[in-house]
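What follows is the content of run02.json (JSON, C-alpha atoms).
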```
[["chain", "number", "residue", "atom", "x", "y", "z"],
["A", 1, "MET", "CA", 105.29, 130.03, 14.03],
["A", 2, "ARG", "CA", 106.38, 127.37, 16.54],
["A", 3, "TYR", "CA", 106.16, 129.93, 19.33],
["A", 4, "ALA", "CA", 102.70, 131.05, 18.22],
["A", 5, "THR", "CA", 101.49, 127.44, 18.10],
["A", 6, "ALA", "CA", 103.07, 126.70, 21.47],
["A", 7, "ALA", "CA", 101.27, 129.65, 23.08],
["A", 8, "SER", "CA", 97.93, 128.20, 22.01],
["A", 9, "SER", "CA", 98.78, 124.62, 22.92],
["A", 10, "PHE", "CA", 98.37, 124.79, 26.68],
["A", 11, "VAL", "CA", 95.95, 126.55, 28.97],
["A", 12, "GLU", "CA", 97.67, 125.61, 32.22],
["A", 13, "LEU", "CA", 101.41, 124.96, 32.20],
["A", 14, "LYS", "CA", 101.96, 121.49, 33.57],
["A", 15, "SER", "CA", 105.48, 120.25, 32.99],
["A", 16, "GLY", "CA", 107.58, 122.97, 31.44],
["A", 17, "TRP", "CA", 108.37, 123.74, 27.82],
["A", 18, "ASN", "CA", 107.77, 120.21, 26.56],
["A", 19, "SER", "CA", 104.15, 120.24, 27.76],
["A", 20, "CYS", "CA", 102.83, 121.92, 24.62],
["A", 21, "GLY", "CA", 103.09, 119.15, 22.06],
["A", 22, "ILE", "CA", 104.39, 119.24, 18.51],
["A", 23, "ALA", "CA", 105.58, 122.85, 18.49],
["A", 24, "CYS", "CA", 107.77, 122.35, 21.59],
["A", 25, "ASN", "CA", 109.19, 118.98, 20.60],
["A", 26, "SER", "CA", 111.09, 120.23, 17.56],
["A", 27, "PRO", "CA", 114.88, 119.80, 17.98],
["A", 28, "ASP", "CA", 115.52, 123.44, 17.07],
["A", 29, "VAL", "CA", 113.70, 124.79, 20.15],
["A", 30, "GLN", "CA", 114.90, 122.41, 22.85],
["A", 31, "ASP", "CA", 116.97, 125.09, 24.58],
["A", 32, "VAL", "CA", 114.01, 127.43, 25.04],
["A", 33, "VAL", "CA", 113.61, 128.43, 28.68],
["A", 34, "LEU", "CA", 110.23, 129.65, 29.90],
["A", 35, "ASN", "CA", 110.41, 132.85, 31.92],
["A", 36, "MET", "CA", 106.70, 133.30, 32.69],
["A", 37, "THR", "CA", 103.26, 132.31, 31.42],
["A", 38, "TRP", "CA", 99.91, 133.99, 31.84],
["A", 39, "HIS", "CA", 96.37, 132.63, 31.70],
["A", 40, "VAL", "CA", 93.86, 135.39, 32.36],
["A", 41, "ASP", "CA", 90.10, 134.88, 32.26],
["A", 42, "ALA", "CA", 88.87, 138.47, 32.20],
["A", 43, "PRO", "CA", 89.79, 140.03, 29.89],
["A", 44, "LEU", "CA", 90.87, 136.71, 28.38],
["A", 45, "SER", "CA", 94.43, 136.15, 27.19],
["A", 46, "ASP", "CA", 97.11, 133.48, 27.35],
["A", 47, "GLY", "CA", 100.77, 133.46, 26.43],
["A", 48, "PHE", "CA", 104.34, 133.20, 27.60],
["A", 49, "VAL", "CA", 107.69, 134.96, 27.78],
["A", 50, "ALA", "CA", 110.70, 132.76, 27.07],
["A", 51, "VAL", "CA", 114.38, 132.91, 26.16],
["A", 52, "HIS", "CA", 115.78, 131.00, 23.20],
["A", 53, "HIS", "CA", 119.51, 131.00, 23.82],
["A", 54, "SER", "CA", 120.75, 129.42, 20.60],
["A", 55, "ASP", "CA", 118.92, 132.07, 18.54],
["A", 56, "LYS", "CA", 119.66, 134.83, 21.06],
["A", 57, "GLU", "CA", 116.00, 135.78, 21.31],
["A", 58, "ILE", "CA", 113.62, 136.93, 24.03],
["A", 59, "VAL", "CA", 110.22, 135.68, 22.87],
["A", 60, "ILE", "CA", 106.77, 137.03, 23.77],
["A", 61, "ALA", "CA", 104.10, 134.73, 22.32],
["A", 62, "TRP", "CA", 100.35, 135.35, 22.48],
["A", 63, "ALA", "CA", 97.82, 132.54, 22.13],
["A", 64, "GLY", "CA", 95.17, 132.52, 19.43],
["A", 65, "THR", "CA", 91.49, 131.69, 19.76],
["A", 66, "HIS", "CA", 91.68, 128.35, 21.59],
["A", 67, "ARG", "CA", 89.19, 128.96, 24.41],
["A", 68, "TYR", "CA", 85.48, 129.49, 23.78],
["A", 69, "ARG", "CA", 85.46, 132.71, 25.76],
["A", 70, "ALA", "CA", 88.09, 134.09, 23.39],
["A", 71, "LEU", "CA", 85.34, 134.40, 20.80],
["A", 72, "LEU", "CA", 83.95, 137.26, 22.89],
["A", 73, "THR", "CA", 87.29, 139.03, 22.49],
["A", 74, "ASP", "CA", 87.24, 138.43, 18.73],
["A", 75, "LEU", "CA", 83.70, 139.79, 18.42],
["A", 76, "ALA", "CA", 84.33, 142.99, 20.42],
["A", 77, "VAL", "CA", 84.96, 144.94, 17.23],
["A", 78, "PHE", "CA", 83.71, 148.34, 18.36],
["A", 79, "PRO", "CA", 86.80, 150.59, 18.24],
["A", 80, "GLN", "CA", 88.51, 151.91, 21.33],
["A", 81, "PRO", "CA", 90.61, 155.11, 21.10],
["A", 82, "TYR", "CA", 94.23, 153.98, 21.16],
["A", 83, "ILE", "CA", 95.59, 157.21, 22.58],
["A", 84, "SER", "CA", 93.31, 159.55, 24.50],
["A", 85, "GLY", "CA", 92.50, 162.58, 22.39],
["A", 86, "ALA", "CA", 93.94, 161.08, 19.17],
["A", 87, "SER", "CA", 91.75, 160.16, 16.21],
["A", 88, "MET", "CA", 92.81, 156.53, 15.88],
["A", 89, "GLY", "CA", 90.78, 153.51, 16.88],
["A", 90, "VAL", "CA", 91.80, 149.97, 17.81],
["A", 91, "HIS", "CA", 89.75, 146.77, 18.21],
["A", 92, "SER", "CA", 88.36, 147.02, 21.76],
["A", 93, "GLY", "CA", 88.56, 143.26, 22.44],
["A", 94, "PHE", "CA", 92.25, 143.09, 21.64],
["A", 95, "TYR", "CA", 92.87, 146.38, 23.43],
["A", 96, "ASP", "CA", 91.35, 145.06, 26.67],
["A", 97, "SER", "CA", 93.10, 141.68, 26.55],
["A", 98, "VAL", "CA", 96.51, 143.27, 25.95],
["A", 99, "TYR", "CA", 96.19, 145.99, 28.58],
["A", 100, "GLY", "CA", 95.15, 143.37, 31.12],
["A", 101, "VAL", "CA", 98.68, 141.92, 31.21],
["A", 102, "ASP", "CA", 100.91, 144.47, 29.47],
["A", 103, "THR", "CA", 102.45, 145.87, 32.66],
["A", 104, "LEU", "CA", 103.41, 142.41, 33.92],
["A", 105, "VAL", "CA", 104.76, 141.29, 30.55],
["A", 106, "GLY", "CA", 106.69, 144.53, 30.20],
["A", 107, "LYS", "CA", 108.44, 144.05, 33.54],
["A", 108, "HIS", "CA", 109.64, 140.60, 32.52],
["A", 109, "VAL", "CA", 110.77, 141.78, 29.09],
["A", 110, "GLU", "CA", 112.66, 144.72, 30.54],
["A", 111, "ALA", "CA", 114.46, 142.51, 33.07],
["A", 112, "LEU", "CA", 115.42, 139.99, 30.37],
["A", 113, "MET", "CA", 116.73, 142.75, 28.12],
["A", 114, "VAL", "CA", 119.12, 143.78, 30.90],
["A", 115, "GLU", "CA", 120.12, 140.17, 31.55],
["A", 116, "HIS", "CA", 120.67, 139.47, 27.83],
["A", 117, "PRO", "CA", 121.79, 142.77, 26.27],
["A", 118, "ASP", "CA", 122.66, 141.23, 22.88],
["A", 119, "TYR", "CA", 119.39, 139.30, 22.40],
["A", 120, "MET", "CA", 116.65, 140.38, 19.99],
["A", 121, "VAL", "CA", 113.09, 140.69, 21.31],
["A", 122, "VAL", "CA", 110.46, 138.85, 19.24],
["A", 123, "PHE", "CA", 106.71, 139.34, 19.59],
["A", 124, "THR", "CA", 104.60, 136.71, 17.87],
["A", 125, "GLY", "CA", 101.17, 135.11, 17.73],
["A", 126, "HIS", "CA", 98.64, 133.40, 15.48],
["A", 127, "SER", "CA", 95.12, 134.72, 14.76],
["A", 128, "LYS", "CA", 93.85, 136.67, 17.79],
["A", 129, "GLY", "CA", 97.31, 136.21, 19.28],
["A", 130, "GLY", "CA", 98.86, 137.90, 16.27],
["A", 131, "ALA", "CA", 96.77, 141.02, 16.79],
["A", 132, "GLU", "CA", 97.59, 140.99, 20.50],
["A", 133, "ALA", "CA", 101.30, 140.50, 19.81],
["A", 134, "ALA", "CA", 101.38, 143.48, 17.45],
["A", 135, "LEU", "CA", 99.49, 145.71, 19.89],
["A", 136, "SER", "CA", 101.64, 144.59, 22.82],
["A", 137, "ALA", "CA", 104.79, 145.31, 20.82],
["A", 138, "LEU", "CA", 103.55, 148.80, 19.98],
["A", 139, "ASN", "CA", 102.64, 149.50, 23.61],
["A", 140, "LEU", "CA", 105.94, 148.32, 25.03],
["A", 141, "VAL", "CA", 108.18, 149.93, 22.42],
["A", 142, "ARG", "CA", 106.70, 153.25, 23.52],
["A", 143, "ARG", "CA", 107.53, 152.51, 27.17],
["A", 144, "ILE", "CA", 110.76, 150.49, 27.32],
["A", 145, "GLU", "CA", 113.95, 152.35, 26.51],
["A", 146, "GLY", "CA", 116.10, 150.62, 23.90],
["A", 147, "LEU", "CA", 113.44, 148.14, 22.79],
["A", 148, "LYS", "CA", 112.86, 149.71, 19.38],
["A", 149, "SER", "CA", 116.38, 148.88, 18.19],
["A", 150, "ARG", "CA", 116.02, 145.21, 19.20],
["A", 151, "ILE", "CA", 112.41, 144.35, 18.32],
["A", 152, "ARG", "CA", 110.90, 142.11, 15.64],
["A", 153, "VAL", "CA", 107.19, 141.30, 15.23],
["A", 154, "TRP", "CA", 106.00, 138.15, 13.44],
["A", 155, "THR", "CA", 102.26, 137.50, 13.21],
["A", 156, "PHE", "CA", 100.40, 134.72, 11.41],
["A", 157, "GLY", "CA", 96.78, 134.96, 10.27],
["A", 158, "GLU", "CA", 96.31, 138.25, 12.13],
["A", 159, "PRO", "CA", 92.87, 139.90, 11.85],
["A", 160, "ARG", "CA", 92.66, 143.64, 11.31],
["A", 161, "LEU", "CA", 93.67, 145.46, 14.46],
["A", 162, "GLY", "CA", 92.51, 149.04, 14.01],
["A", 163, "ASP", "CA", 91.48, 151.78, 11.62],
["A", 164, "SER", "CA", 93.60, 153.46, 8.94],
["A", 165, "GLN", "CA", 94.87, 156.15, 11.33],
["A", 166, "PHE", "CA", 96.03, 153.47, 13.75],
["A", 167, "ALA", "CA", 97.64, 151.48, 10.92],
["A", 168, "THR", "CA", 99.55, 154.58, 9.81],
["A", 169, "PHE", "CA", 100.73, 155.21, 13.37],
["A", 170, "TYR", "CA", 101.77, 151.56, 13.77],
["A", 171, "ASN", "CA", 103.75, 151.62, 10.53],
["A", 172, "ARG", "CA", 105.64, 154.72, 11.60],
["A", 173, "GLN", "CA", 106.68, 152.97, 14.80],
["A", 174, "LEU", "CA", 107.16, 149.33, 13.79],
["A", 175, "GLY", "CA", 106.32, 148.91, 10.11],
["A", 176, "SER", "CA", 109.91, 148.21, 9.10],
["A", 177, "VAL", "CA", 110.35, 145.40, 11.66],
["A", 178, "THR", "CA", 106.90, 143.77, 11.43],
["A", 179, "TYR", "CA", 106.16, 140.75, 9.25],
["A", 180, "ARG", "CA", 102.42, 140.07, 9.02],
["A", 181, "VAL", "CA", 102.27, 136.64, 7.42],
["A", 182, "THR", "CA", 99.05, 135.71, 5.62],
["A", 183, "SER", "CA", 98.19, 132.37, 4.05],
["A", 184, "ALA", "CA", 96.68, 131.99, 0.56],
["A", 185, "ALA", "CA", 92.92, 132.26, 1.18],
["A", 186, "ASP", "CA", 92.76, 132.74, 4.97],
["A", 187, "PRO", "CA", 89.39, 134.32, 5.85],
["A", 188, "VAL", "CA", 90.45, 135.63, 9.27],
["A", 189, "VAL", "CA", 92.89, 138.14, 7.77],
["A", 190, "ALA", "CA", 89.91, 139.73, 6.00],
["A", 191, "MET", "CA", 88.14, 140.37, 9.31],
["A", 192, "PRO", "CA", 86.80, 142.67, 10.61],
["A", 193, "PRO", "CA", 85.75, 143.90, 7.14],
["A", 194, "GLN", "CA", 87.07, 147.24, 5.96],
["A", 195, "PHE", "CA", 83.61, 148.78, 5.74],
["A", 196, "LEU", "CA", 83.18, 148.24, 9.49],
["A", 197, "PHE", "CA", 84.62, 151.26, 11.34],
["A", 198, "GLU", "CA", 87.22, 151.65, 8.53],
["A", 199, "TYR", "CA", 89.29, 148.72, 9.76],
["A", 200, "CYS", "CA", 92.65, 148.49, 8.01],
["A", 201, "HIS", "CA", 95.77, 146.31, 8.24],
["A", 202, "HIS", "CA", 99.20, 147.59, 9.21],
["A", 203, "GLY", "CA", 102.25, 146.40, 7.26],
["A", 204, "MET", "CA", 104.32, 144.57, 6.26],
["A", 205, "GLU", "CA", 102.32, 141.75, 4.67],
["A", 206, "VAL", "CA", 104.10, 138.56, 3.64],
["A", 207, "TRP", "CA", 101.55, 136.59, 1.60],
["A", 208, "LEU", "CA", 102.08, 132.84, 1.28],
["A", 209, "MET", "CA", 100.31, 132.63, -2.05],
["A", 210, "ASN", "CA", 99.74, 128.88, -2.38],
["A", 211, "ALA", "CA", 100.74, 125.43, -1.14],
["A", 212, "ARG", "CA", 103.82, 125.49, -3.40],
["A", 213, "GLY", "CA", 105.40, 128.12, -1.18],
["A", 214, "ASP", "CA", 105.29, 131.11, -3.53],
["A", 215, "VAL", "CA", 105.61, 134.35, -1.55],
["A", 216, "TYR", "CA", 104.56, 137.91, -2.32],
["A", 217, "VAL", "CA", 105.63, 140.82, -0.11],
["A", 218, "GLY", "CA", 102.88, 143.43, 0.04],
["A", 219, "GLN", "CA", 103.74, 146.99, -0.89],
["A", 220, "ASN", "CA", 101.02, 148.76, 1.15],
["A", 221, "SER", "CA", 100.26, 150.92, -1.84],
["A", 222, "THR", "CA", 96.62, 151.89, -1.22],
["A", 223, "GLY", "CA", 95.07, 154.52, 1.01],
["A", 224, "CYS", "CA", 94.20, 151.85, 3.56],
["A", 225, "LEU", "CA", 97.74, 150.48, 3.43],
["A", 226, "GLU", "CA", 96.67, 147.10, 2.00],
["A", 227, "ASP", "CA", 98.23, 145.93, -1.24],
["A", 228, "PRO", "CA", 95.41, 144.91, -3.64],
["A", 229, "HIS", "CA", 97.73, 142.31, -5.18],
["A", 230, "ALA", "CA", 98.33, 140.45, -1.89],
["A", 231, "SER", "CA", 95.80, 138.53, 0.24],
["A", 232, "SER", "CA", 93.14, 141.20, -0.23],
["A", 233, "SER", "CA", 92.97, 140.15, -3.89],
["A", 234, "VAL", "CA", 91.18, 136.93, -2.83],
["A", 235, "ASP", "CA", 87.39, 137.12, -2.85],
["A", 236, "PHE", "CA", 85.95, 136.44, 0.59],
["A", 237, "TYR", "CA", 83.74, 133.61, -0.69],
["A", 238, "ASP", "CA", 86.81, 131.84, -2.08],
["A", 239, "ARG", "CA", 88.44, 131.69, 1.34],
["A", 240, "SER", "CA", 88.61, 128.63, 3.61],
["A", 241, "ILE", "CA", 89.24, 128.33, 7.34],
["A", 242, "MET", "CA", 91.70, 125.52, 6.58],
["A", 243, "TRP", "CA", 94.14, 128.13, 5.27],
["A", 244, "HIS", "CA", 93.94, 129.79, 8.68],
["A", 245, "LYS", "CA", 94.55, 126.59, 10.64],
["A", 246, "ASN", "CA", 97.77, 125.56, 8.91],
["A", 247, "TYR", "CA", 100.66, 128.01, 8.61],
["A", 248, "LEU", "CA", 104.08, 126.86, 7.44],
["A", 249, "GLY", "CA", 103.10, 123.21, 7.91],
["A", 250, "LEU", "CA", 102.29, 123.53, 11.60],
["A", 251, "PRO", "CA", 98.81, 122.35, 12.61],
["A", 252, "PRO", "CA", 96.55, 124.06, 15.15],
["A", 253, "PRO", "CA", 97.04, 123.26, 18.86],
["A", 254, "ASP", "CA", 97.26, 119.55, 19.60],
["A", 255, "HIS", "CA", 97.28, 119.80, 23.38],
["A", 256, "ALA", "CA", 94.29, 118.38, 25.24],
["A", 257, "ASP", "CA", 93.75, 121.60, 27.19],
["A", 258, "ALA", "CA", 93.01, 123.59, 24.06],
["A", 259, "GLU", "CA", 89.19, 123.73, 23.95],
["A", 260, "PHE", "CA", 89.24, 124.28, 20.19],
["A", 261, "SER", "CA", 91.36, 126.02, 17.56],
["A", 262, "TRP", "CA", 90.48, 128.81, 15.16]]
```

Let me see the file written as structure tokens.
Amino acid sequence: MRYATAASSFVELKSGWNSCGIACNSPDVQDVVLNMTWHVDAPLSDGFVAVHHSDKEIVIAWAGTHRYRALLTDLAVFPQPYISGASMGVHSGFYDSVYGVDTLVGKHVEALMVEHPDYMVVFTGHSKGGAEAALSALNLVRRIEGLKSRIRVWTFGEPRLGDSQFATFYNRQLGSVTYRVTSAADPVVAMPPQFLFEYCHHGMEVWLMNARGDVYVGQNSTGCLEDPHASSSVDFYDRSIMWHKNYLGLPPPDHADAEFSW
């Protein structure tokens, strides 16, 4: 979650890793080395690629909704075909933002994989960034040889990314190495609603049930792959945005360049 928070904590990199506030100042991430950052206005996306040597990880972190224009990405819910000719749809806003930088990100990831052949590759993000991280991981694992055996995907407060056909395809590719963390009564994980274009979550859900730290691992037992005993068991009107803004004790972006957090 520190990486996901860090990605949202700066819009323009100013002074290296320590420029992003609370997430970057933790002692356990002081040996993180930034490889590249991106800040794209159209289609909007922000994030970074970094190397964490003590954990032997190559990290690709996507920023959440921290710029006003990112709301346009969030609201572009009309589905886009994920693969031409295939009957699976993906959120068009996230599709456009990921494809805008995927080639560049992929080149850096591929080079770092050669440079660090024993490092795992971690894709992560919070909120919008979680959806983009999952989609980017799926895109690149289909293009970069050897990535599938080294990849992990951690998302936090991720909205629904595509329809049930897309979720099934995602799970076949990355379901066993994806951890979609949801928090108690987070409303964003219930969006877009399932009745809209048959949106459906991919697995594997890790539901942080309450402030005490109780955890439930979703079993993806229904036709739409969402466990009715996990976060989907919470009525939408009982949800609060505060559960979305605080995952694992880390607050939303505290850097001055973040226009707002969501």

Closest contacts (segment 149-259 of chain A/segment 76-93 of chain A, max 9 Å, only C-alpha atoms) as a Markdown table:
```
| residue | atom | partner | partner_atom | distance |
| --- | --- | --- | --- | --- |
| A:Arg160 | CA | A:His91 | CA | 8.1 |
| A:Leu161 | CA | A:His91 | CA | 5.6 |
| A:Gly162 | CA | A:Val90 | CA | 4.0 |
| A:Asp163 | CA | A:Gly89 | CA | 5.6 |
| A:Ser164 | CA | A:Met88 | CA | 7.6 |
| A:Gln165 | CA | A:Met88 | CA | 5.0 |
| A:Phe166 | CA | A:Met88 | CA | 4.9 |
| A:Ala167 | CA | A:Met88 | CA | 8.6 |
| A:Phe169 | CA | A:Met88 | CA | 8.4 |
| A:Pro192 | CA | A:Val77 | CA | 7.2 |
| A:Leu196 | CA | A:Val77 | CA | 8.6 |
| A:Phe197 | CA | A:Pro79 | CA | 7.3 |
| A:Tyr199 | CA | A:Val90 | CA | 8.5 |
```

Can you write just those residues out, C-alpha atoms, as a PDB file, keeping the file's coordinate frame?
```
ATOM      1  CA  ARG A 160      92.660 143.640  11.310  1.00  0.00           C
ATOM      2  CA  LEU A 161      93.670 145.460  14.460  1.00  0.00           C
ATOM      3  CA  GLY A 162      92.510 149.040  14.010  1.00  0.00           C
ATOM      4  CA  ASP A 163      91.480 151.780  11.620  1.00  0.00           C
ATOM      5  CA  SER A 164      93.600 153.460   8.940  1.00  0.00           C
ATOM      6  CA  GLN A 165      94.870 156.150  11.330  1.00  0.00           C
ATOM      7  CA  PHE A 166      96.030 153.470  13.750  1.00  0.00           C
ATOM      8  CA  ALA A 167      97.640 151.480  10.920  1.00  0.00           C
ATOM      9  CA  PHE A 169     100.730 155.210  13.370  1.00  0.00           C
ATOM     10  CA  PRO A 192      86.800 142.670  10.610  1.00  0.00           C
ATOM     11  CA  LEU A 196      83.180 148.240   9.490  1.00  0.00           C
ATOM     12  CA  PHE A 197      84.620 151.260  11.340  1.00  0.00           C
ATOM     13  CA  TYR A 199      89.290 148.720   9.760  1.00  0.00           C
TER      14      TYR A 199
END
```

At a cut-off of 10 Å, using all atoms listed in the file, what residues contact Asp227 of chain A? Leave out same-chain residues fewer than 6 positions from it and give the result as a PyMOL selection string. chain A and resi 201+203-205+217-221+233

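Taking atom CA of Val215 of chain A and atom CA of Pro193 of chain A as endpoints, the distance between them is 23.7 Å.
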
Write out as an MDAnalysis selection string each polymer residue whose atoms come within 9 Å of Ala185 of chain A, counting only C-alpha atoms; drop sequence neighbours fewer than 6 positions from it. chainID A and resid 209:210 231 234:236 238:244

Enumerate, as a PyMOL selection string, the protein, DNA and RNA residues whose atoms approach (99.0, 130.6, 8.4) to within 7 Å, taking into account only C-alpha atoms and the coordinate frame of the file. chain A and resi 156-157+181-183+243-248

So the first atom is atom CA of Glu198 of chain A and the second is atom CA of Phe94 of chain A; what is the distance between them in Å, to one decimal place? 16.4 Å

Nearest to Val153 of chain A among A:Leu104, A:Ala61, A:Ala230, A:Met191, with distances taken over all atoms listed in the file: which residue is it? A:Ala61

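Coordinates place atom CA of Val59 of chain A at a distance of 10.7 Å from atom CA of Met36 of chain A.
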
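Residues within 8 Å of Met120 of chain A, counting all atoms listed in the file and excluding same-chain residues fewer than 2 positions away, are A:Lys56, A:Glu57, A:Ile58, A:Asp118, A:Val122, A:Arg150, A:Ile151, A:Arg152.
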
Residue selection dump (C-alpha atoms) as a compact mmCIF listing (two decimals), in the coordinates of the input:
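Final output, result.txt:
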```txt
# COMPACT_ATOMS: atom_id res chain seq x y z
CA LYS A 56 119.66 134.83 21.06
CA GLU A 57 116.00 135.78 21.31
CA ILE A 58 113.62 136.93 24.03
CA ASP A 118 122.66 141.23 22.88
CA VAL A 122 110.46 138.85 19.24
CA ARG A 150 116.02 145.21 19.20
CA ILE A 151 112.41 144.35 18.32
CA ARG A 152 110.90 142.11 15.64
```

Could you please give me, as a ChimeraX atom specification, the residues of protein, DNA or RNA lying at most 7 Å from (102.4, 134.4, 13.7) in the coordinate frame of the file, considering all atoms listed in the file? /A:1,4,124-126,130,154-157,181

Let me know the centre plus edge lengths, in Å and rounded to one decimal, of a box with edges along x, y and z that contains all listed atoms of segment 193-197 of chain A and is padded by 6 Å on every side, as AutoDock Vina command-line options.
```
--center_x 85.1 --center_y 147.6 --center_z 8.5 --size_x 15.9 --size_y 19.4 --size_z 17.6
```

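Using all atoms listed in the file, the nearest neighbour of Val177 of chain A within the list A:Val141, A:Leu34, A:Val40, A:Leu208 is A:Val141.
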
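Among the candidates A:Asp102, A:Asp96, A:Asp214, A:Glu226, the residue lying nearest to Ser136 of chain A is A:Asp102 (atoms considered: only C-alpha atoms).
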